[in-house]
>>> print(open('my_file.csv').read())   # CSV, C-alpha atoms and all ligand atoms
chain,number,residue,atom,x,y,z
U,648,MET,CA,-90.8,98.8,55.8
U,649,LEU,CA,-88.1,97.6,58.2
U,650,ASN,CA,-87.3,99.6,61.2
U,651,MET,CA,-83.6,99.0,61.3
U,652,VAL,CA,-82.7,101.5,64.0
U,653,LEU,CA,-81.2,99.9,67.0
U,654,ALA,CA,-82.5,101.8,70.1
U,655,GLU,CA,-80.1,102.3,73.0
U,656,THR,CA,-82.2,100.2,75.4
U,657,THR,CA,-82.6,97.3,72.9
U,658,PHE,CA,-78.9,97.5,72.2
U,659,ARG,CA,-78.2,97.1,76.0
U,660,ASP,CA,-80.7,94.2,76.2
U,661,ILE,CA,-79.1,92.4,73.3
U,662,ARG,CA,-75.6,93.2,74.7
U,663,ASP,CA,-76.5,91.8,78.1
U,664,TYR,CA,-78.0,88.7,76.5
U,665,ILE,CA,-74.8,88.0,74.5
U,666,TYR,CA,-72.7,88.6,77.7
U,667,ASP,CA,-74.8,86.3,79.8
U,668,ASN,CA,-74.6,83.5,77.3
U,669,SER,CA,-71.0,83.8,76.0
U,670,GLY,CA,-69.0,86.1,78.3
U,671,ILE,CA,-68.4,88.4,75.3
U,672,TYR,CA,-68.7,92.0,76.5
U,673,ILE,CA,-69.6,94.5,73.8
U,674,SER,CA,-68.8,98.1,74.8
U,675,ASP,CA,-71.0,101.1,73.9
U,676,SER,CA,-68.6,102.1,71.1
U,677,LYS,CA,-69.3,98.8,69.3
U,678,LYS,CA,-73.1,99.4,69.0
U,679,TYR,CA,-72.6,100.1,65.2
U,680,LEU,CA,-71.0,96.6,64.9
U,681,ILE,CA,-74.0,94.9,66.5
U,682,GLU,CA,-76.4,97.0,64.4
U,683,ASN,CA,-74.5,96.0,61.2
U,684,ARG,CA,-74.1,92.4,61.8
U,685,LEU,CA,-77.6,91.7,63.2
U,686,SER,CA,-79.4,93.7,60.5
U,687,ARG,CA,-78.4,91.0,58.1
U,688,ILE,CA,-80.2,88.4,60.3
U,689,LEU,CA,-83.2,90.7,60.6
U,690,GLN,CA,-83.5,90.9,56.8
U,691,GLU,CA,-83.0,87.1,56.3
U,692,LYS,CA,-85.8,86.4,58.8
U,693,GLN,CA,-87.9,89.3,57.6
U,694,LEU,CA,-88.2,90.7,61.1
U,695,GLN,CA,-89.6,94.2,61.5
U,696,SER,CA,-87.3,95.5,64.2
U,697,PHE,CA,-84.5,94.7,66.6
U,698,GLU,CA,-87.1,94.4,69.4
U,699,ASP,CA,-88.7,91.5,67.4
U,700,TYR,CA,-85.3,89.9,67.1
U,701,LEU,CA,-84.6,90.2,70.8
U,702,LYS,CA,-87.9,88.4,71.5
U,703,LEU,CA,-87.0,85.7,69.0
U,704,ILE,CA,-83.6,84.9,70.5
U,705,LYS,CA,-85.0,85.0,74.1
U,706,PHE,CA,-87.9,82.8,73.5
U,707,SER,CA,-86.8,80.4,70.7
U,708,SER,CA,-86.7,76.9,72.2
U,709,ASN,CA,-84.0,75.3,70.1
U,710,GLY,CA,-80.4,76.5,70.1
U,711,ASN,CA,-80.4,77.6,66.5
U,712,GLU,CA,-81.0,81.3,67.1
U,713,LEU,CA,-78.3,81.5,69.7
U,714,THR,CA,-75.9,79.7,67.4
U,715,ARG,CA,-76.7,82.2,64.6
U,716,LEU,CA,-76.2,85.1,67.0
U,717,PHE,CA,-72.8,83.8,68.2
U,718,ASP,CA,-71.8,83.3,64.5
U,719,ALA,CA,-72.7,86.9,63.8
U,720,VAL,CA,-71.0,88.6,66.8
U,721,THR,CA,-67.7,86.6,67.2
U,722,THR,CA,-64.5,87.8,65.8
U,723,ASN,CA,-62.7,84.9,64.1
U,724,GLU,CA,-59.4,86.4,62.9
U,725,THR,CA,-56.7,83.7,62.9
U,726,TYR,CA,-54.0,82.3,60.7
U,727,PHE,CA,-51.4,79.5,60.7
U,728,PHE,CA,-48.3,80.0,62.8
U,729,ARG,CA,-49.7,83.0,64.6
U,730,GLU,CA,-47.4,84.3,67.4
U,731,PRO,CA,-44.4,82.2,66.4
U,732,GLN,CA,-42.3,83.0,69.4
U,733,GLN,CA,-44.8,81.2,71.6
U,734,LEU,CA,-45.0,78.2,69.2
U,735,THR,CA,-41.2,77.9,69.3
U,736,VAL,CA,-41.2,77.9,73.1
U,737,PHE,CA,-44.0,75.3,73.0
U,738,ALA,CA,-42.1,73.0,70.6
U,739,GLU,CA,-38.5,73.5,71.9
U,740,ALA,CA,-39.0,73.8,75.7
U,741,ILE,CA,-42.4,72.7,76.9
U,742,LEU,CA,-43.1,69.7,74.7
U,743,SER,CA,-39.9,67.7,75.5
U,744,LYS,CA,-40.5,68.3,79.3
U,745,ILE,CA,-44.1,67.0,79.1
U,746,LEU,CA,-43.1,64.1,76.8
U,747,GLU,CA,-40.4,63.1,79.3
U,748,GLN,CA,-43.0,62.9,82.1
U,749,LYS,CA,-45.2,60.7,79.9
U,750,LYS,CA,-42.4,58.3,79.2
U,751,GLY,CA,-44.0,57.3,75.9
U,752,ILE,CA,-46.7,55.4,77.8
U,753,LYS,CA,-49.5,58.0,78.0
U,754,LYS,CA,-50.7,60.0,75.0
U,755,LEU,CA,-50.0,63.7,74.9
U,756,LYS,CA,-53.3,65.7,75.1
U,757,ILE,CA,-53.5,69.2,73.7
U,758,TRP,CA,-56.6,71.5,73.5
U,759,SER,CA,-57.0,74.5,71.3
U,760,ALA,CA,-59.8,76.3,73.0
U,761,ALA,CA,-61.4,78.9,70.8
U,762,CYS,CA,-59.8,77.5,67.7
U,763,SER,CA,-61.8,79.5,65.1
U,764,SER,CA,-61.4,78.0,61.6
U,765,GLY,CA,-58.7,75.5,62.7
U,766,GLU,CA,-55.4,77.2,61.8
U,767,GLU,CA,-54.2,77.0,65.4
U,768,PRO,CA,-54.8,73.3,66.1
U,769,TYR,CA,-53.6,72.3,62.7
U,770,THR,CA,-50.4,74.3,63.2
U,771,LEU,CA,-49.8,72.4,66.4
U,772,SER,CA,-50.4,69.1,64.7
U,773,MET,CA,-47.9,69.9,61.9
U,774,MET,CA,-45.3,70.9,64.5
U,775,LEU,CA,-45.8,67.6,66.4
U,776,LEU,CA,-45.5,65.6,63.2
U,777,GLU,CA,-42.3,67.5,62.3
U,778,LYS,CA,-41.0,66.5,65.8
U,779,ARG,CA,-41.5,62.9,64.6
U,780,LEU,CA,-44.4,62.3,67.0
U,781,LEU,CA,-46.6,59.5,65.6
U,782,PRO,CA,-50.3,60.4,65.4
U,783,ASP,CA,-51.2,57.6,67.8
U,784,LYS,CA,-49.0,59.3,70.5
U,785,PHE,CA,-51.0,62.5,70.7
U,786,GLU,CA,-54.6,63.8,70.7
U,787,ILE,CA,-55.5,67.3,69.7
U,788,TYR,CA,-58.9,68.7,70.7
U,789,ALA,CA,-60.2,71.9,69.1
U,790,SER,CA,-63.3,73.8,70.1
U,791,ASP,CA,-65.2,77.0,69.4
U,792,ILE,CA,-68.6,78.5,70.2
U,793,SER,CA,-69.3,79.3,66.6
U,794,GLU,CA,-70.6,76.5,64.4
U,795,GLY,CA,-69.7,78.5,61.2
U,796,VAL,CA,-66.0,78.5,61.9
U,797,LEU,CA,-66.1,74.8,63.1
U,798,SER,CA,-67.6,73.8,59.8
U,799,SER,CA,-64.8,75.6,57.9
U,800,ALA,CA,-62.2,74.1,60.2
U,801,LYS,CA,-63.4,70.6,59.3
U,802,LYS,CA,-63.2,71.4,55.6
U,803,ALA,CA,-59.6,72.6,56.1
U,804,VAL,CA,-59.4,74.6,52.8
U,805,TYR,CA,-57.7,77.9,53.3
U,806,SER,CA,-57.1,81.2,51.6
U,807,SER,CA,-53.7,82.8,50.9
U,808,TYR,CA,-54.3,85.1,53.9
U,809,SER,CA,-54.4,82.2,56.3
U,810,ILE,CA,-51.4,80.4,55.0
U,811,ARG,CA,-49.1,83.4,54.5
U,812,ASN,CA,-46.8,82.6,57.6
U,813,ILE,CA,-46.4,78.9,56.9
U,814,PRO,CA,-42.8,77.9,56.3
U,815,GLU,CA,-42.2,76.6,52.7
U,816,PRO,CA,-41.3,73.0,53.7
U,817,TYR,CA,-44.6,72.7,55.6
U,818,MET,CA,-46.5,74.0,52.6
U,819,LYS,CA,-44.9,71.5,50.3
U,820,LYS,CA,-45.5,68.6,52.6
U,821,TYR,CA,-48.9,69.3,54.0
U,822,PHE,CA,-50.9,71.3,51.4
U,823,SER,CA,-52.2,71.0,47.9
U,824,ASN,CA,-53.6,73.8,45.6
U,825,ILE,CA,-57.2,73.8,44.7
U,826,GLY,CA,-57.6,76.9,42.4
U,827,GLN,CA,-56.8,79.9,44.6
U,828,SER,CA,-57.2,77.9,47.8
U,829,TYR,CA,-55.0,75.5,49.8
U,830,ALA,CA,-56.2,72.2,51.0
U,831,LEU,CA,-54.7,70.6,54.1
U,832,SER,CA,-53.7,67.0,53.8
U,833,ASP,CA,-55.7,64.2,55.6
U,834,SER,CA,-52.6,63.2,57.5
U,835,VAL,CA,-53.0,66.5,59.5
U,836,LYS,CA,-56.7,66.8,59.3
U,837,ASN,CA,-57.3,63.4,60.9
U,838,THR,CA,-55.3,64.3,64.0
U,839,VAL,CA,-57.7,67.0,65.2
U,840,LYS,CA,-61.1,66.4,66.9
U,841,PHE,CA,-63.4,69.4,66.6
U,842,MET,CA,-66.3,70.1,69.0
U,843,LYS,CA,-68.6,72.9,69.9
U,844,VAL,CA,-67.8,74.3,73.4
U,845,ASN,CA,-68.8,77.5,75.1
U,846,LEU,CA,-65.9,78.3,77.4
U,847,ILE,CA,-68.2,80.2,79.8
U,848,GLU,CA,-70.2,77.0,80.5
U,849,ASN,CA,-69.2,73.8,82.2
U,850,LYS,CA,-71.2,71.8,79.7
U,851,ASN,CA,-69.2,69.5,77.3
U,852,MET,CA,-66.1,69.9,79.4
U,853,ALA,CA,-66.2,66.3,80.6
U,854,SER,CA,-64.4,65.1,77.5
U,855,LEU,CA,-61.8,67.8,77.9
U,856,ARG,CA,-60.1,66.7,81.1
U,857,GLY,CA,-56.4,65.7,81.7
U,858,MET,CA,-55.0,68.2,79.1
U,859,ASP,CA,-51.2,68.6,79.1
U,860,ILE,CA,-51.3,71.8,77.2
U,861,ILE,CA,-54.1,74.3,76.5
U,862,PHE,CA,-53.9,77.1,74.0
U,863,CYS,CA,-56.6,79.7,74.6
U,864,ARG,CA,-55.3,82.6,72.6
U,865,ASN,CA,-56.9,85.8,71.5
U,866,VAL,CA,-60.3,85.2,73.0
U,867,LEU,CA,-60.0,86.4,76.6
U,868,ILE,CA,-59.8,90.0,75.2
U,869,TYR,CA,-63.5,89.8,74.4
U,870,PHE,CA,-64.4,89.0,78.1
U,871,ASP,CA,-64.6,91.2,81.2
U,872,THR,CA,-62.8,90.2,84.4
U,873,LYS,CA,-65.7,88.1,85.8
U,874,ALA,CA,-66.1,86.1,82.6
U,875,LYS,CA,-62.3,85.7,82.3
U,876,GLN,CA,-62.3,84.2,85.8
U,877,LYS,CA,-65.0,81.8,84.9
U,878,VAL,CA,-63.3,80.7,81.7
U,879,VAL,CA,-59.8,80.3,83.3
U,880,SER,CA,-61.3,78.3,86.2
U,881,ASN,CA,-62.8,76.0,83.6
U,882,LEU,CA,-59.5,75.7,81.8
U,883,TYR,CA,-57.7,75.1,85.1
U,884,ASP,CA,-60.1,72.1,85.8
U,885,SER,CA,-59.2,70.7,82.4
U,886,LEU,CA,-55.5,70.9,82.9
U,887,THR,CA,-53.6,67.9,84.3
U,888,PRO,CA,-51.3,68.8,87.3
U,889,GLY,CA,-48.0,70.1,85.7
U,890,GLY,CA,-49.8,71.1,82.5
U,891,TYR,CA,-49.5,74.4,80.8
U,892,LEU,CA,-51.8,77.2,79.6
U,893,PHE,CA,-50.8,79.5,76.8
U,894,ILE,CA,-52.9,82.7,76.3
U,895,GLY,CA,-52.5,85.3,73.5
U,896,GLN,CA,-49.3,87.4,73.8
U,897,SER,CA,-51.3,90.6,74.3
U,898,GLU,CA,-53.5,89.1,77.0
U,899,SER,CA,-53.0,88.9,80.7
U,900,LEU,CA,-54.3,86.9,83.7
U,901,HIS,CA,-53.7,89.8,86.0
U,902,ASN,CA,-56.5,89.9,88.5
U,903,VAL,CA,-57.9,86.7,87.0
U,904,THR,CA,-56.3,83.8,88.8
U,905,ARG,CA,-53.5,83.0,91.3
U,906,ALA,CA,-54.0,79.3,90.8
U,907,LEU,CA,-51.8,79.1,87.8
U,908,ARG,CA,-48.0,79.8,88.2
U,909,PRO,CA,-46.6,82.1,85.5
U,910,SER,CA,-43.2,81.4,84.0
U,911,VAL,CA,-41.2,83.1,81.3
U,912,ILE,CA,-39.0,81.6,78.6
U,913,ASN,CA,-37.5,83.9,75.9
U,914,LYS,CA,-40.0,86.6,76.8
U,915,VAL,CA,-43.0,84.2,76.3
U,916,ILE,CA,-45.3,83.9,79.3
U,917,MET,CA,-47.0,80.6,80.1
U,918,TYR,CA,-49.0,79.4,83.1
U,919,GLN,CA,-48.6,76.1,84.8
U,920,LYS,CA,-51.0,74.2,87.0
U,921,VAL,CA,-48.8,73.2,90.0
U,1001,LIG,C1,-59.9,85.8,67.4
U,1001,LIG,S1,-60.3,84.1,67.4
U,1001,LIG,C2,-58.8,83.4,68.0
U,1001,LIG,C3,-58.5,82.1,67.2
U,1001,LIG,C4,-57.2,81.5,67.6
U,1001,LIG,N1,-57.2,81.0,69.0
U,1001,LIG,C5,-56.0,82.4,67.4
U,1001,LIG,O1,-55.4,82.9,68.3
U,1001,LIG,O2,-55.7,82.7,66.2
U,1001,LIG,C6,-61.4,84.1,68.8
U,1001,LIG,C7,-62.4,82.9,68.8
U,1001,LIG,O3,-63.0,82.8,70.0
U,1001,LIG,C8,-64.3,82.2,69.8
U,1001,LIG,N2,-65.1,82.5,71.1
U,1001,LIG,C9,-65.7,83.7,71.5
U,1001,LIG,N3,-66.3,83.5,72.6
U,1001,LIG,C10,-66.3,82.2,72.9
U,1001,LIG,C11,-66.8,81.4,74.0
U,1001,LIG,N4,-67.6,81.9,75.0
U,1001,LIG,N5,-66.6,80.0,74.0
U,1001,LIG,C12,-65.8,79.5,73.0
U,1001,LIG,N6,-65.3,80.2,72.0
U,1001,LIG,C13,-65.5,81.5,71.9
U,1001,LIG,C14,-64.8,83.0,68.6
U,1001,LIG,O4,-65.9,82.3,68.0
U,1001,LIG,C15,-63.5,83.0,67.7
U,1001,LIG,O5,-63.5,82.0,66.8
>>> encode(input="my_file.csv", output="structure tokens")
Amino acid sequence: MLNMVLAETTFRDIRDYIYDNSGIYISDSKKYLIENRLSRILQEKQLQSFEDYLKLIKFSSNGNELTRLFDAVTTNETYFFREPQQLTVFAEAILSKILEQKKGIKKLKIWSAACSSGEEPYTLSMMLLEKRLLPDKFEIYASDISEGVLSSAKKAVYSSYSIRNIPEPYMKKYFSNIGQSYALSDSVKNTVKFMKVNLIENKNMASLRGMDIIFCRNVLIYFDTKAKQKVVSNLYDSLTPGGYLFIGQSESLHNVTRALRPSVINKVIMYQKV
């Protein structure tokens, strides 16, 4: 018989373990969420208690258990053309400024950090293609901590929920129907490089240097101030001087950094490495 009750102390230990390894802070009020999501793993692995699960994640030598844990606790909500005001400012104001600096010689480098199932980087790619930028003139990197979402991102087949905000001309040009789903065309798929990156760590950041624009949206909300500071300092190091960081519209860098200079265009805040 499984003991599926998550004791307060075990909850705190699991919560601390998640925080130390990902920066994601789970408040006391979210205990039920952890209990729910992890009990599925317990069943799968035929473990007898959450205490056994804690031992397993702490002492398993390969990264598989940690990966499975991240997959279970992350919130992956996303969709194409999310926060359109921001995207308009990116395409109409920031892009031309950066391209001018590059003078057509250097490639434009964009990073969608915490990309979930790919809707954000693919939106950016379609916008660049619509601006008549040739694929050999830009590179889009996209990363997430969760392998589950990265594998969906690489497949690039989406539900009606994900595509609901895509303007009709984009749908016609870049998607085809497969039953109830929508498959993205290779012309867009091939422009995005996906990789697993934990934003709280410095590992794997070497290939993510010299970015002109970073989108790190709707992920800082899951971190406390200390973790945000670590992540934003990593993003700062990845930006090229003059480059821009966009965070989610409901997020703020208040008390997080003074190194990035905020500016506002049409009520959209962005942060520049000066
Ligand atoms: C709500 S989604 C945001 C997706 C997209 N940026 C958007 O705004 O629509 C948050 C994503 O952050 C990822 N995430 C959480 N903690 C992370 C970490 N420490 N490193 C990298 N990604 C993380 C989650 O796996 C999830 O896919």
>>> residues_around(input="my_file.csv", residues="Lys820 in chain U", least_positions_apart="4", cutoff="10 Å", atoms="all atoms listed in the file", output="list of chain:residue names")
U:Met773, U:Glu815, U:Pro816, U:Leu831, U:Ser832
>>> residues_near_point(input="my_file.csv", point="(-51.7, 62.2, 69.6)", cutoff="8 Å", atoms="all atoms listed in the file", output="list in words")
Lys754, Leu755, Lys756, Leu780, Leu781, Pro782, Asp783, Lys784, Phe785, Glu786, Ile787 and Thr838 of chain U
>>> closest_atom_pairs(input="my_file.csv", of="chain U", to="ligand LIG 1001 (chain U)", cutoff="6 Å", atoms="only C-alpha atoms and all ligand atoms", output="JSON lines")
{"residue": "U:Ser669", "atom": "CA", "partner": "U:LIG1001", "partner_atom": "N4", "distance": 4.0}
{"residue": "U:Gly670", "atom": "CA", "partner": "U:LIG1001", "partner_atom": "N4", "distance": 5.5}
{"residue": "U:Ile671", "atom": "CA", "partner": "U:LIG1001", "partner_atom": "N3", "distance": 6.0}
{"residue": "U:Thr721", "atom": "CA", "partner": "U:LIG1001", "partner_atom": "O4", "distance": 4.7}
{"residue": "U:Thr722", "atom": "CA", "partner": "U:LIG1001", "partner_atom": "C15", "distance": 5.3}
{"residue": "U:Asn723", "atom": "CA", "partner": "U:LIG1001", "partner_atom": "O5", "distance": 4.0}
{"residue": "U:Glu724", "atom": "CA", "partner": "U:LIG1001", "partner_atom": "C1", "distance": 4.6}
{"residue": "U:Thr725", "atom": "CA", "partner": "U:LIG1001", "partner_atom": "O2", "distance": 3.6}
{"residue": "U:Tyr726", "atom": "CA", "partner": "U:LIG1001", "partner_atom": "O2", "distance": 5.8}
{"residue": "U:Ala761", "atom": "CA", "partner": "U:LIG1001", "partner_atom": "N6", "distance": 4.3}
{"residue": "U:Cys762", "atom": "CA", "partner": "U:LIG1001", "partner_atom": "N1", "distance": 4.5}
{"residue": "U:Ser763", "atom": "CA", "partner": "U:LIG1001", "partner_atom": "O5", "distance": 3.5}
{"residue": "U:Glu767", "atom": "CA", "partner": "U:LIG1001", "partner_atom": "C4", "distance": 5.8}
{"residue": "U:Asp791", "atom": "CA", "partner": "U:LIG1001", "partner_atom": "N6", "distance": 4.1}
{"residue": "U:Ile792", "atom": "CA", "partner": "U:LIG1001", "partner_atom": "C12", "distance": 4.1}
{"residue": "U:Ser793", "atom": "CA", "partner": "U:LIG1001", "partner_atom": "O4", "distance": 4.7}
{"residue": "U:Val844", "atom": "CA", "partner": "U:LIG1001", "partner_atom": "C12", "distance": 5.6}
{"residue": "U:Asn845", "atom": "CA", "partner": "U:LIG1001", "partner_atom": "N5", "distance": 3.5}
{"residue": "U:Leu846", "atom": "CA", "partner": "U:LIG1001", "partner_atom": "N5", "distance": 3.9}
{"residue": "U:Ile847", "atom": "CA", "partner": "U:LIG1001", "partner_atom": "N4", "distance": 5.1}
{"residue": "U:Cys863", "atom": "CA", "partner": "U:LIG1001", "partner_atom": "N1", "distance": 5.8}
{"residue": "U:Arg864", "atom": "CA", "partner": "U:LIG1001", "partner_atom": "O1", "distance": 4.3}
{"residue": "U:Asn865", "atom": "CA", "partner": "U:LIG1001", "partner_atom": "O1", "distance": 4.6}
{"residue": "U:Val866", "atom": "CA", "partner": "U:LIG1001", "partner_atom": "C6", "distance": 4.5}
>>> atom_distance(input="my_file.csv", atom1="CA of Gly889 in chain U", atom2="CA of Val736 in chain U")
16.3 Å
>>> closest_atom_pairs(input="my_file.csv", of="range 833-913 of chain U", to="range 797-801 of chain U", cutoff="8 Å", atoms="all atoms listed in the file", output="CSV")
residue,atom,partner,partner_atom,distance
U:Lys836,CA,U:Lys801,CA,7.7
U:Phe841,CA,U:Leu797,CA,7.0
U:Met842,CA,U:Leu797,CA,7.5
U:Lys843,CA,U:Leu797,CA,7.5
>>> residues_around(input="my_file.csv", residues="Val921 in chain U", least_positions_apart="4", cutoff="12 Å", atoms="all atoms listed in the file", output="list in words")
Tyr883, Leu886, Thr887, Pro888, Gly889, Gly890, Tyr891, Leu892, Arg905, Ala906, Leu907, Arg908, Pro909 and Ser910 of chain U
>>> write_last_selection(input="my_file.csv", atoms="C-alpha atoms", output="compact mmCIF listing (two decimals), in the coordinates of the input")
# COMPACT_ATOMS: atom_id res chain seq x y z
CA TYR U 883 -57.70 75.10 85.10
CA LEU U 886 -55.50 70.90 82.90
CA THR U 887 -53.60 67.90 84.30
CA PRO U 888 -51.30 68.80 87.30
CA GLY U 889 -48.00 70.10 85.70
CA GLY U 890 -49.80 71.10 82.50
CA TYR U 891 -49.50 74.40 80.80
CA LEU U 892 -51.80 77.20 79.60
CA ARG U 905 -53.50 83.00 91.30
CA ALA U 906 -54.00 79.30 90.80
CA LEU U 907 -51.80 79.10 87.80
CA ARG U 908 -48.00 79.80 88.20
CA PRO U 909 -46.60 82.10 85.50
CA SER U 910 -43.20 81.40 84.00
>>> closest_residue(input="my_file.csv", among="U:Thr735, U:Asn668, U:Ser790, U:Asn851", to="Leu775 in chain U", atoms="all atoms listed in the file")
U:Thr735
>>> closest_residue(input="my_file.csv", among="U:Arg662, U:Lys750, U:Gly710, U:Gln733", to="Leu771 in chain U", atoms="all atoms listed in the file")
U:Gln733
>>> atom_distance(input="my_file.csv", atom1="CA of Tyr817 in chain U", atom2="CA of Pro731 in chain U")
14.4 Å
>>> closest_residue(input="my_file.csv", among="U:Ile916, U:Val879, U:Ile825, U:Ala803", to="Ser764 in chain U", atoms="all atoms listed in the file")
U:Ala803
>>> residues_around(input="my_file.csv", residues="range 653-658 of chain U", least_positions_apart="2", cutoff="8 Å", atoms="only C-alpha atoms", output="PyMOL selection string")
chain U and resi 651+660-662+678+681-682+697-698+701
